[in-house]
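Visitor: What follows is a structure written as structure tokens; I'll ask about it next.
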Amino acid sequence: MPELPEVETYRRYFDLTALGKTIIHLEVEDHRQLTTDYDLLQQSLKGATLTDTSRIGKHFLITLSSGKILVLHFGMTGNLMYYRDAEDTPRFARVIFYFSNGYKLAFIDSRKFGRVGLADSIETYKKQKNLGPDALDVTLPQLKASLEKRKAPIKALLLDQSILAGVGNWIADEVLFQARIFPAKPANTLTNLELEHLHRAIQVVLQTAIDEEAIYHNFPKDFLIHSRGWEDSPKPVLEREVCPRHQSALTIAKMGGRTTYFCLLCQPV
DNA sequence: CTCAGTGTTCAGTG
DNA sequence: TCACTGAACACTGA
């Protein structure tokens with residue numbers, strides 16, 4: 001479920017496992033998941049050491065000893081696993097990096113929306129993908145400047161990676177719930193106070209999720225996410241889809257092209 | 001068998 | 001050109 005907190009959690013996992021290792025070989029199940037020609041990728045990665053990591057929004061960037069950047073994007077279902085024995089190869093391993101120490105790193109992705117490829121530099125990549133500031137770094141003035149002239153629903157713009165990078169569907173809903181803003185409200189009608197609340201909610205939701213390593217059931221009780229029905233032991237629908245503050249029924253609607261959960265009492269029109 | 005889905009991109013419209 | 005909307009993408013699992 002890779003939004004910014006998941007990708008940050010993957011990055012930390014990578015730093016504790018694959019970082020510093022040297023690639024000797026690459027296995028790719030489906031070339032359609034590559035954004036760089038297979039032969040070129042193989043050639044560029046063979047012998048390369050993974051020297052550093054960074055992240056912009058949901059994009060995971062790995063600096064190679066050659067100076068090139070290996071980019072992983074996890075799509076809807078991407079994940080990583082570092083392992084040694086072939087029998088531990090995870091199901092849906094789509095790309096496997098083999099290291100000189102005998103270990104492997106699997107890029108797991110059941111739905112195959114994830115992508116793997118090379119970039120010349122972090123800046124080039126950011127520009128090429130038209131990414132805005134990372135959602136953890138965006139300042140209130142930046143946020144205000146990119147929202148105040150836009151008429152689209154605020155939720156749709158929170159999902160726009162060129163405005164801020166890293167917010168996905170559940171975080172957009174969570175942030176708007178915490179900031180008590182109606183998701184379909186046109187962005188240019190947000191008051192300064194609402195923009196402040198929005199900015200603070202982005203920071204709080206993302207930092208909380210990262211601190212909990214993106215494990216949803218550990219999130220605070222007043223988080224809307226518990227009402228989405230992704231819990232480990234799903235409650236019946238009627239017990240689940242209620243506002244954590246009011247216990248009243250949530251509204252579920254399509255907004256910004258995605259399923260949107262919100263509370264009309266907390267987030268009035 | 002049908003359908004929704006955590007993300008991104010592109011075609012079409014105004 | 002820009003802002004915006006909605007469909008398409010590939011696949012799994014309910």
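To be explicit about the labels: the chains of the structure tokens are called A, B, and onward in the order shown, and within each one the residues are counted from 1, while ligands get numbers from 1 in the order they are shown.
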Output as a JSON list (two decimals) with N, CA, C and O atoms, in the first residue's frame all residues of stretch 121-255 of chain A that backbone DSSP marks as strand (DSSP E or B).
Guide:
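Writing the result to states.json gives the following:
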[["chain", "number", "residue", "atom", "x", "y", "z"],
["A", 134, "ASP", "N", 8.46, 17.21, -1.64],
["A", 134, "ASP", "CA", 8.02, 16.09, -0.84],
["A", 134, "ASP", "C", 7.01, 16.58, 0.19],
["A", 134, "ASP", "O", 7.18, 17.64, 0.78],
["A", 153, "PRO", "N", -11.51, 20.22, -6.69],
["A", 153, "PRO", "CA", -11.71, 19.81, -5.30],
["A", 153, "PRO", "C", -10.37, 19.64, -4.61],
["A", 153, "PRO", "O", -9.42, 19.10, -5.20],
["A", 165, "ALA", "N", 4.41, 15.88, -3.29],
["A", 165, "ALA", "CA", 4.66, 14.50, -3.68],
["A", 165, "ALA", "C", 4.54, 13.57, -2.48],
["A", 165, "ALA", "O", 5.18, 13.80, -1.45],
["A", 186, "PRO", "N", -13.73, 23.48, -3.31],
["A", 186, "PRO", "CA", -12.77, 24.01, -4.29],
["A", 186, "PRO", "C", -11.56, 24.60, -3.56],
["A", 186, "PRO", "O", -11.71, 25.33, -2.58],
["A", 242, "VAL", "N", -17.88, 4.10, 10.46],
["A", 242, "VAL", "CA", -18.43, 5.19, 11.26],
["A", 242, "VAL", "C", -17.30, 6.14, 11.64],
["A", 242, "VAL", "O", -16.13, 5.75, 11.70],
["A", 249, "ALA", "N", -22.52, 7.50, 10.80],
["A", 249, "ALA", "CA", -22.15, 6.89, 9.53],
["A", 249, "ALA", "C", -21.27, 7.83, 8.71],
["A", 249, "ALA", "O", -21.52, 9.03, 8.64],
["A", 251, "THR", "N", -19.71, 9.16, 5.06],
["A", 251, "THR", "CA", -20.15, 9.26, 3.68],
["A", 251, "THR", "C", -19.06, 8.67, 2.80],
["A", 251, "THR", "O", -17.88, 8.92, 3.03],
["A", 252, "ILE", "N", -19.47, 7.87, 1.84],
["A", 252, "ILE", "CA", -18.51, 7.28, 0.92],
["A", 252, "ILE", "C", -18.92, 7.71, -0.49],
["A", 252, "ILE", "O", -20.05, 7.50, -0.90],
["A", 253, "ALA", "N", -17.99, 8.36, -1.19],
["A", 253, "ALA", "CA", -18.32, 8.91, -2.50],
["A", 253, "ALA", "C", -17.09, 8.88, -3.40],
["A", 253, "ALA", "O", -15.97, 8.69, -2.93],
["A", 254, "LYS", "N", -17.32, 9.04, -4.70],
["A", 254, "LYS", "CA", -16.20, 9.17, -5.63],
["A", 254, "LYS", "C", -15.83, 10.64, -5.75],
["A", 254, "LYS", "O", -16.65, 11.48, -6.08],
["A", 255, "MET", "N", -14.57, 10.94, -5.44],
["A", 255, "MET", "CA", -14.10, 12.32, -5.59],
["A", 255, "MET", "C", -12.66, 12.27, -6.07],
["A", 255, "MET", "O", -11.88, 11.46, -5.58]]
Visitor: Counting only C-alpha atoms (C1' of nucleotides), which residues from chain A have an atom at most 7 Å from any atom of chain B, and could you show them as a PyMOL selection string?
Guide: chain A and resi 1-2+75-76+169
Visitor: Which polymer residues have any atom within 6 Å of an atom of A:Ile108, counting only C-alpha atoms (C1' of nucleotides), with same-chain residues fewer than 2 positions away left out, as a PDB file with all heavy atoms, in the first residue's frame?
Guide:
ATOM      1  N   GLY A  78       3.444  -2.556  -4.545  1.00  0.00           N
ATOM      2  CA  GLY A  78       4.862  -2.885  -4.480  1.00  0.00           C
ATOM      3  C   GLY A  78       5.388  -3.068  -3.062  1.00  0.00           C
ATOM      4  O   GLY A  78       4.849  -2.520  -2.093  1.00  0.00           O
ATOM      5  N   ASN A  79       6.477  -3.855  -2.937  1.00  0.00           N
ATOM      6  CA  ASN A  79       7.113  -4.086  -1.641  1.00  0.00           C
ATOM      7  C   ASN A  79       8.523  -4.613  -1.898  1.00  0.00           C
ATOM      8  O   ASN A  79       8.865  -4.928  -3.041  1.00  0.00           O
ATOM      9  CB  ASN A  79       6.304  -5.106  -0.826  1.00  0.00           C
ATOM     10  CG  ASN A  79       6.487  -4.917   0.660  1.00  0.00           C
ATOM     11  OD1 ASN A  79       7.478  -4.351   1.125  1.00  0.00           O
ATOM     12  ND2 ASN A  79       5.514  -5.402   1.423  1.00  0.00           N
ATOM     13  N   LEU A  80       9.327  -4.691  -0.837  1.00  0.00           N
ATOM     14  CA  LEU A  80      10.687  -5.198  -0.978  1.00  0.00           C
ATOM     15  C   LEU A  80      10.911  -6.341  -0.005  1.00  0.00           C
ATOM     16  O   LEU A  80      10.363  -6.345   1.092  1.00  0.00           O
ATOM     17  CB  LEU A  80      11.704  -4.092  -0.654  1.00  0.00           C
ATOM     18  CG  LEU A  80      11.771  -2.898  -1.589  1.00  0.00           C
ATOM     19  CD1 LEU A  80      12.781  -1.883  -1.060  1.00  0.00           C
ATOM     20  CD2 LEU A  80      12.156  -3.326  -3.012  1.00  0.00           C
ATOM     21  N   PHE A  92       5.098 -13.297  -6.269  1.00  0.00           N
ATOM     22  CA  PHE A  92       4.976 -12.031  -6.994  1.00  0.00           C
ATOM     23  C   PHE A  92       6.272 -11.224  -7.006  1.00  0.00           C
ATOM     24  O   PHE A  92       6.241 -10.010  -7.157  1.00  0.00           O
ATOM     25  CB  PHE A  92       3.826 -11.163  -6.469  1.00  0.00           C
ATOM     26  CG  PHE A  92       2.517 -11.881  -6.406  1.00  0.00           C
ATOM     27  CD1 PHE A  92       1.792 -11.922  -5.225  1.00  0.00           C
ATOM     28  CD2 PHE A  92       2.012 -12.528  -7.521  1.00  0.00           C
ATOM     29  CE1 PHE A  92       0.579 -12.590  -5.154  1.00  0.00           C
ATOM     30  CE2 PHE A  92       0.789 -13.206  -7.460  1.00  0.00           C
ATOM     31  CZ  PHE A  92       0.074 -13.238  -6.275  1.00  0.00           C
ATOM     32  N   ALA A  93       7.412 -11.881  -6.817  1.00  0.00           N
ATOM     33  CA  ALA A  93       8.698 -11.208  -7.016  1.00  0.00           C
ATOM     34  C   ALA A  93       8.815 -10.928  -8.508  1.00  0.00           C
ATOM     35  O   ALA A  93       8.866 -11.851  -9.318  1.00  0.00           O
ATOM     36  CB  ALA A  93       9.841 -12.090  -6.532  1.00  0.00           C
ATOM     37  N   ARG A  94       8.824  -9.662  -8.901  1.00  0.00           N
ATOM     38  CA  ARG A  94       8.828  -9.315 -10.327  1.00  0.00           C
ATOM     39  C   ARG A  94      10.221  -8.969 -10.830  1.00  0.00           C
ATOM     40  O   ARG A  94      10.536  -9.182 -11.994  1.00  0.00           O
ATOM     41  CB  ARG A  94       7.897  -8.125 -10.585  1.00  0.00           C
ATOM     42  CG  ARG A  94       6.476  -8.298 -10.081  1.00  0.00           C
ATOM     43  CD  ARG A  94       5.771  -9.484 -10.698  1.00  0.00           C
ATOM     44  NE  ARG A  94       4.337  -9.448 -10.400  1.00  0.00           N
ATOM     45  CZ  ARG A  94       3.488 -10.430 -10.707  1.00  0.00           C
ATOM     46  NH1 ARG A  94       3.930 -11.521 -11.326  1.00  0.00           N
ATOM     47  NH2 ARG A  94       2.218 -10.316 -10.406  1.00  0.00           N
ATOM     48  N   ALA A 106      14.140  -8.727  -3.576  1.00  0.00           N
ATOM     49  CA  ALA A 106      13.006  -8.890  -4.499  1.00  0.00           C
ATOM     50  C   ALA A 106      12.177  -7.625  -4.517  1.00  0.00           C
ATOM     51  O   ALA A 106      11.857  -7.062  -3.464  1.00  0.00           O
ATOM     52  CB  ALA A 106      12.151 -10.075  -4.066  1.00  0.00           C
TER      53      ALA A 106
END
Visitor: I'd like to know which of A:Leu250, A:Leu195, A:Ala152, A:Ile181 is closest to chain C, using only C-alpha atoms (C1' of nucleotides).
Guide: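 Among the listed residues, A:Ala152 lies closest to chain C.
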Visitor: Please identify all residues of chain A having at least one atom at most 8 Å from any atom of chain C, considering only C-alpha atoms (C1' of nucleotides), and return them as number ranges by chain.
Guide: A: 110-113, 152, 257
Visitor: Write a file of the selected residues as a compact mmCIF listing (two decimals), in the first residue's frame, keeping all heavy atoms.
Guide:
# COMPACT_ATOMS: atom_id res chain seq x y z
N SER A 110 2.32 -7.55 -6.93
CA SER A 110 1.30 -8.44 -7.49
C SER A 110 0.57 -7.81 -8.68
O SER A 110 0.30 -8.49 -9.66
CB SER A 110 0.31 -8.85 -6.40
OG SER A 110 -0.41 -7.74 -5.94
N ARG A 111 0.26 -6.52 -8.61
CA ARG A 111 -0.57 -5.92 -9.68
C ARG A 111 0.26 -5.34 -10.83
O ARG A 111 -0.30 -4.79 -11.77
CB ARG A 111 -1.49 -4.84 -9.11
CG ARG A 111 -2.28 -5.26 -7.90
CD ARG A 111 -3.52 -6.05 -8.23
NE ARG A 111 -3.96 -6.83 -7.09
CZ ARG A 111 -4.90 -6.46 -6.22
NH1 ARG A 111 -5.52 -5.33 -6.36
NH2 ARG A 111 -5.22 -7.23 -5.22
N LYS A 112 1.53 -5.35 -10.69
CA LYS A 112 2.42 -4.94 -11.79
C LYS A 112 2.24 -3.50 -12.27
O LYS A 112 2.47 -3.19 -13.43
CB LYS A 112 2.29 -5.91 -12.98
CG LYS A 112 2.84 -7.27 -12.60
CD LYS A 112 2.68 -8.39 -13.59
CE LYS A 112 3.14 -8.23 -14.98
NZ LYS A 112 3.25 -9.54 -15.66
N PHE A 113 1.83 -2.62 -11.37
CA PHE A 113 1.84 -1.19 -11.72
C PHE A 113 3.17 -0.54 -11.33
O PHE A 113 3.42 0.61 -11.67
CB PHE A 113 0.71 -0.45 -11.00
CG PHE A 113 -0.61 -0.54 -11.69
CD1 PHE A 113 -1.77 -0.18 -11.04
CD2 PHE A 113 -0.71 -1.00 -13.00
CE1 PHE A 113 -3.01 -0.25 -11.67
CE2 PHE A 113 -1.94 -1.08 -13.64
CZ PHE A 113 -3.08 -0.72 -12.97
N ALA A 152 -10.30 23.08 -8.59
CA ALA A 152 -10.58 21.65 -8.44
C ALA A 152 -10.81 21.33 -6.96
O ALA A 152 -10.37 22.07 -6.08
CB ALA A 152 -9.42 20.84 -8.99
N GLY A 257 -11.78 11.12 -8.63
CA GLY A 257 -11.63 9.84 -9.30
C GLY A 257 -11.41 8.67 -8.36
O GLY A 257 -11.23 7.55 -8.82
